[in-house]
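Read through the structure below, which is laid out as structure tokens, and then see the notes.
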Amino acid sequence: CKEQMRNIIQQIITLYPDSNLFITLDSGDAVLGRPGSLTLGPNGHTGVFGVISSQNLIQYISICNIDTIQISNATYNDAIVYLPEPVPAPTDCCADCDAAVRSLLSVGTPNVSIITNIQSPSTGTVVRNEYGMIVLANEERNNVTFISSCSIDLFLLNQGNLR
């Protein structure tokens, strides 16, 4: 999940450089700002995401603690590339939870509400369902929210969405 988030952040920096981000953290805190830089850890994985505040201060966020990244007033970009499921596939508890959550949130599922922390829920239609990542957007594919599927605490579906 965390490597998928790092992968998405690298692309957000390039594809949405001037967009405002609303990032929620597993602590319940939130960060607002524009995409800045990505500093990888010594093994080339995860690391920290530098977000530029409205006062032009750089806020460094541990990628390991990011639950969601919402990009308001931006259209989902189909050029975004996702990491494939690792081979061999993990078999731990987190991998099982990720697979179960993703099995219920297929692409096109409308009116989904996902809670990852004490911030407001993320809502919309599922536009992508990838290993470690669920992406929601509104009907116009705007207000895109990237959600670490390993961080999902609770999600709500209308009974008509159940398969």
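Just so we're on the same page: first chain in the structure tokens is A, next is B, and so on; residues restart at 1 for each chain, and ligands are numbered from 1 in the order they show up.
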Inset, instruction - For Ile115 (chain A), please output as a list in words all residues within 10 Å (counting only C-alpha atoms; exclusion window: fewer than 2 positions along the same chain). - result: Asp67, Thr68, Ser113, Asn117, Ile118, Gln119, Ser120, Pro121, Ser122, Thr123, Ile147, Ser151, Ile152, Asp153, Leu154, Phe155 and Leu156 of chain A
Atoms kept (N, CA, C and O atoms) for selection, written as an mmCIF file, in the first residue's frame:
```
data_model
loop_
_atom_site.group_PDB
_atom_site.id
_atom_site.type_symbol
_atom_site.label_atom_id
_atom_site.label_comp_id
_atom_site.auth_asym_id
_atom_site.auth_seq_id
_atom_site.Cartn_x
_atom_site.Cartn_y
_atom_site.Cartn_z
ATOM 1 N N ASP A 67 -3.113 8.577 4.509
ATOM 2 C CA ASP A 67 -4.308 7.770 4.244
ATOM 3 C C ASP A 67 -4.929 8.133 2.901
ATOM 4 O O ASP A 67 -5.257 7.265 2.113
ATOM 5 N N THR A 68 -5.127 9.442 2.673
ATOM 6 C CA THR A 68 -5.788 9.888 1.447
ATOM 7 C C THR A 68 -5.123 11.150 0.904
ATOM 8 O O THR A 68 -4.530 11.925 1.652
ATOM 9 N N SER A 113 -18.819 5.852 0.405
ATOM 10 C CA SER A 113 -18.313 6.713 1.473
ATOM 11 C C SER A 113 -17.261 5.917 2.234
ATOM 12 O O SER A 113 -17.560 4.839 2.761
ATOM 13 N N ASN A 117 -9.975 7.865 8.914
ATOM 14 C CA ASN A 117 -9.516 8.483 10.160
ATOM 15 C C ASN A 117 -10.621 9.385 10.679
ATOM 16 O O ASN A 117 -11.761 9.240 10.253
ATOM 17 N N ILE A 118 -10.306 10.335 11.516
ATOM 18 C CA ILE A 118 -11.353 11.187 12.064
ATOM 19 C C ILE A 118 -11.727 12.359 11.162
ATOM 20 O O ILE A 118 -12.593 13.142 11.509
ATOM 21 N N GLN A 119 -11.102 12.492 10.014
ATOM 22 C CA GLN A 119 -11.467 13.534 9.061
ATOM 23 C C GLN A 119 -12.787 13.145 8.385
ATOM 24 O O GLN A 119 -13.289 12.045 8.551
ATOM 25 N N SER A 120 -13.328 14.033 7.595
ATOM 26 C CA SER A 120 -14.561 13.757 6.851
ATOM 27 C C SER A 120 -14.360 12.567 5.928
ATOM 28 O O SER A 120 -13.261 12.361 5.405
ATOM 29 N N PRO A 121 -15.421 11.801 5.678
ATOM 30 C CA PRO A 121 -15.277 10.654 4.776
ATOM 31 C C PRO A 121 -14.994 11.098 3.346
ATOM 32 O O PRO A 121 -15.369 12.195 2.940
ATOM 33 N N SER A 122 -14.342 10.234 2.601
ATOM 34 C CA SER A 122 -14.133 10.435 1.172
ATOM 35 C C SER A 122 -15.341 9.823 0.470
ATOM 36 O O SER A 122 -15.734 8.699 0.780
ATOM 37 N N THR A 123 -15.919 10.567 -0.474
ATOM 38 C CA THR A 123 -17.117 10.085 -1.144
ATOM 39 C C THR A 123 -16.976 10.200 -2.652
ATOM 40 O O THR A 123 -16.227 11.032 -3.154
ATOM 41 N N ILE A 147 -7.001 6.821 -2.174
ATOM 42 C CA ILE A 147 -7.141 6.273 -0.833
ATOM 43 C C ILE A 147 -6.295 5.017 -0.707
ATOM 44 O O ILE A 147 -6.455 4.074 -1.490
ATOM 45 N N SER A 151 -5.527 1.595 4.615
ATOM 46 C CA SER A 151 -5.880 2.553 5.657
ATOM 47 C C SER A 151 -7.384 2.676 5.872
ATOM 48 O O SER A 151 -7.823 3.439 6.718
ATOM 49 N N ILE A 152 -8.169 1.958 5.091
ATOM 50 C CA ILE A 152 -9.622 2.078 5.186
ATOM 51 C C ILE A 152 -10.103 1.431 6.483
ATOM 52 O O ILE A 152 -9.863 0.256 6.731
ATOM 53 N N ASP A 153 -10.784 2.239 7.308
ATOM 54 C CA ASP A 153 -11.362 1.744 8.555
ATOM 55 C C ASP A 153 -12.784 1.252 8.343
ATOM 56 O O ASP A 153 -13.209 0.269 8.947
ATOM 57 N N LEU A 154 -13.524 1.942 7.495
ATOM 58 C CA LEU A 154 -14.949 1.685 7.318
ATOM 59 C C LEU A 154 -15.360 2.221 5.962
ATOM 60 O O LEU A 154 -14.866 3.264 5.525
ATOM 61 N N PHE A 155 -16.244 1.506 5.265
ATOM 62 C CA PHE A 155 -16.820 2.077 4.046
ATOM 63 C C PHE A 155 -18.281 1.708 3.969
ATOM 64 O O PHE A 155 -18.709 0.680 4.491
ATOM 65 N N LEU A 156 -19.040 2.599 3.347
ATOM 66 C CA LEU A 156 -20.481 2.450 3.262
ATOM 67 C C LEU A 156 -20.882 2.352 1.805
ATOM 68 O O LEU A 156 -20.414 3.119 0.963
#
```
Inset, instruction - Pick out each residue of region 5-161 of chain A that DSSP on the backbone tags as alpha helix (DSSP H); I need them as a PyMOL selection string. - result: chain A and resi 5-15+93-104
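Minimum atom-to-atom distances from A:Gln10, A:Thr116, A:Ser19, A:Asn158 to Asn65 (chain A) were compared using only C-alpha atoms, and the lowest value belongs to A:Thr116.
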Legend entry - Contacts of Cys150 (chain A) at 10 Å (only C-alpha atoms; same-chain gap of 3+ positions) as a ChimeraX atom specification: /A:1-2,67,94-99,101-102,116,131-134,147,153
Convert the current residue selection to file output with all heavy atoms, as a tab-separated table (two decimals), in the first residue's frame.
```
chain	number	residue	atom	x	y	z
A	1	CYS	N	0.83	-1.21	0.00
A	1	CYS	CA	0.00	0.00	0.00
A	1	CYS	C	0.86	1.25	0.00
A	1	CYS	O	0.55	2.21	-0.70
A	1	CYS	CB	-0.90	0.01	1.22
A	1	CYS	SG	-2.28	-1.14	1.12
A	2	LYS	N	1.90	1.26	0.79
A	2	LYS	CA	2.71	2.47	0.91
A	2	LYS	C	3.53	2.72	-0.35
A	2	LYS	O	3.74	3.86	-0.75
A	2	LYS	CB	3.61	2.40	2.15
A	2	LYS	CG	2.83	2.23	3.44
A	2	LYS	CD	1.69	3.23	3.57
A	2	LYS	CE	0.86	3.00	4.82
A	2	LYS	NZ	-0.29	3.88	4.92
A	67	ASP	N	-3.11	8.58	4.51
A	67	ASP	CA	-4.31	7.77	4.24
A	67	ASP	C	-4.93	8.13	2.90
A	67	ASP	O	-5.26	7.26	2.11
A	67	ASP	CB	-5.36	7.99	5.33
A	67	ASP	CG	-5.01	7.34	6.65
A	67	ASP	OD1	-4.11	6.49	6.70
A	67	ASP	OD2	-5.66	7.70	7.66
A	94	CYS	N	-2.71	-7.65	6.35
A	94	CYS	CA	-2.97	-6.44	5.56
A	94	CYS	C	-3.34	-6.79	4.12
A	94	CYS	O	-4.23	-6.17	3.53
A	94	CYS	CB	-1.78	-5.50	5.58
A	94	CYS	SG	-1.52	-4.71	7.18
A	95	ALA	N	-2.66	-7.78	3.55
A	95	ALA	CA	-2.95	-8.19	2.17
A	95	ALA	C	-4.35	-8.79	2.08
A	95	ALA	O	-5.09	-8.53	1.12
A	95	ALA	CB	-1.91	-9.19	1.69
A	96	ASP	N	-4.74	-9.58	3.08
A	96	ASP	CA	-6.08	-10.15	3.10
A	96	ASP	C	-7.14	-9.06	3.19
A	96	ASP	O	-8.15	-9.09	2.49
A	96	ASP	CB	-6.25	-11.12	4.27
A	96	ASP	CG	-5.62	-12.49	4.00
A	96	ASP	OD1	-5.19	-12.75	2.85
A	96	ASP	OD2	-5.57	-13.30	4.94
A	97	CYS	N	-6.92	-8.09	4.08
A	97	CYS	CA	-7.87	-6.98	4.23
A	97	CYS	C	-7.96	-6.18	2.94
A	97	CYS	O	-9.06	-5.83	2.50
A	97	CYS	CB	-7.48	-6.09	5.40
A	97	CYS	SG	-7.79	-6.83	7.00
A	98	ASP	N	-6.82	-5.89	2.32
A	98	ASP	CA	-6.80	-5.14	1.07
A	98	ASP	C	-7.63	-5.87	0.01
A	98	ASP	O	-8.47	-5.26	-0.65
A	98	ASP	CB	-5.36	-4.95	0.59
A	98	ASP	CG	-5.29	-4.30	-0.78
A	98	ASP	OD1	-5.69	-3.13	-0.90
A	98	ASP	OD2	-4.85	-4.97	-1.73
A	99	ALA	N	-7.42	-7.16	-0.13
A	99	ALA	CA	-8.14	-7.95	-1.14
A	99	ALA	C	-9.64	-7.96	-0.86
A	99	ALA	O	-10.46	-7.82	-1.79
A	99	ALA	CB	-7.59	-9.37	-1.19
A	101	VAL	N	-11.45	-5.72	0.90
A	101	VAL	CA	-11.98	-4.37	0.68
A	101	VAL	C	-12.14	-4.13	-0.82
A	101	VAL	O	-13.20	-3.70	-1.29
A	101	VAL	CB	-11.06	-3.30	1.32
A	101	VAL	CG1	-11.38	-1.91	0.80
A	101	VAL	CG2	-11.17	-3.35	2.84
A	102	ARG	N	-11.12	-4.42	-1.57
A	102	ARG	CA	-11.15	-4.16	-3.01
A	102	ARG	C	-12.19	-5.02	-3.73
A	102	ARG	O	-12.76	-4.59	-4.73
A	102	ARG	CB	-9.76	-4.35	-3.61
A	102	ARG	CG	-8.81	-3.23	-3.18
A	102	ARG	CD	-7.40	-3.33	-3.74
A	102	ARG	NE	-7.41	-3.63	-5.14
A	102	ARG	CZ	-6.83	-4.72	-5.69
A	102	ARG	NH1	-6.17	-5.57	-4.94
A	102	ARG	NH2	-6.89	-4.92	-6.97
A	116	THR	N	-11.20	6.81	6.75
A	116	THR	CA	-9.86	6.31	7.07
A	116	THR	C	-9.34	6.85	8.39
A	116	THR	O	-8.33	6.39	8.88
A	116	THR	CB	-8.86	6.70	5.96
A	116	THR	OG1	-8.86	8.12	5.82
A	116	THR	CG2	-9.21	6.03	4.65
A	131	TYR	N	-4.14	-2.53	-6.71
A	131	TYR	CA	-3.50	-3.08	-5.54
A	131	TYR	C	-3.06	-1.94	-4.61
A	131	TYR	O	-2.32	-1.06	-5.03
A	131	TYR	CB	-2.30	-3.95	-5.94
A	131	TYR	CG	-1.69	-4.66	-4.78
A	131	TYR	CD1	-2.26	-5.81	-4.28
A	131	TYR	CD2	-0.57	-4.15	-4.14
A	131	TYR	CE1	-1.73	-6.46	-3.18
A	131	TYR	CE2	-0.03	-4.79	-3.04
A	131	TYR	CZ	-0.62	-5.95	-2.57
A	131	TYR	OH	-0.09	-6.58	-1.47
A	132	GLY	N	-3.59	-1.93	-3.40
A	132	GLY	CA	-3.21	-0.92	-2.42
A	132	GLY	C	-3.84	0.45	-2.60
A	132	GLY	O	-3.52	1.37	-1.87
A	133	MET	N	-4.76	0.61	-3.56
A	133	MET	CA	-5.29	1.95	-3.85
A	133	MET	C	-6.71	1.87	-4.40
A	133	MET	O	-6.99	1.13	-5.34
A	133	MET	CB	-4.39	2.62	-4.89
A	133	MET	CG	-4.74	4.03	-5.25
A	133	MET	SD	-4.39	5.25	-3.98
A	133	MET	CE	-2.65	5.01	-3.61
A	134	ILE	N	-7.59	2.68	-3.81
A	134	ILE	CA	-8.93	2.91	-4.34
A	134	ILE	C	-8.97	4.40	-4.71
A	134	ILE	O	-8.49	5.25	-3.97
A	134	ILE	CB	-10.02	2.62	-3.27
A	134	ILE	CG1	-10.00	1.16	-2.84
A	134	ILE	CG2	-11.41	3.03	-3.77
A	134	ILE	CD1	-10.39	0.16	-3.91
A	147	ILE	N	-7.00	6.82	-2.17
A	147	ILE	CA	-7.14	6.27	-0.83
A	147	ILE	C	-6.30	5.02	-0.71
A	147	ILE	O	-6.46	4.07	-1.49
A	147	ILE	CB	-8.62	5.93	-0.53
A	147	ILE	CG1	-9.49	7.18	-0.74
A	147	ILE	CG2	-8.77	5.36	0.88
A	147	ILE	CD1	-10.97	6.86	-0.83
A	153	ASP	N	-10.78	2.24	7.31
A	153	ASP	CA	-11.36	1.74	8.55
A	153	ASP	C	-12.78	1.25	8.34
A	153	ASP	O	-13.21	0.27	8.95
A	153	ASP	CB	-11.39	2.85	9.61
A	153	ASP	CG	-10.00	3.30	10.03
A	153	ASP	OD1	-9.08	2.47	10.01
A	153	ASP	OD2	-9.84	4.48	10.36
```
Inset, instruction - For Tyr60 (chain A), please output as number ranges by chain all residues within 12 Å (counting only C-alpha atoms; exclusion window: fewer than 4 positions along the same chain). - result: A: 23, 31-40, 47-53, 64-66
Inset, instruction - List every residue of chain A that DSSP, applied to the backbone of this structure, places in strand (DSSP E), and write the result as a PyMOL selection string. - result: chain A and resi 21-25+30-39+48-52+58-62+66-71+112-115+122-130+133-137+144-148+154-156
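Minimum distance to Asp18 (chain A) across A:Ile58, A:Val112, A:Ile69, A:Ala74 (counting only C-alpha atoms) occurs at A:Ala74.
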Inset, instruction - For CA of Ala79 (chain A) and CA of Leu15 (chain A), determine how far apart the two atoms are, in Å to one decimal place. - result: 8.9 Å
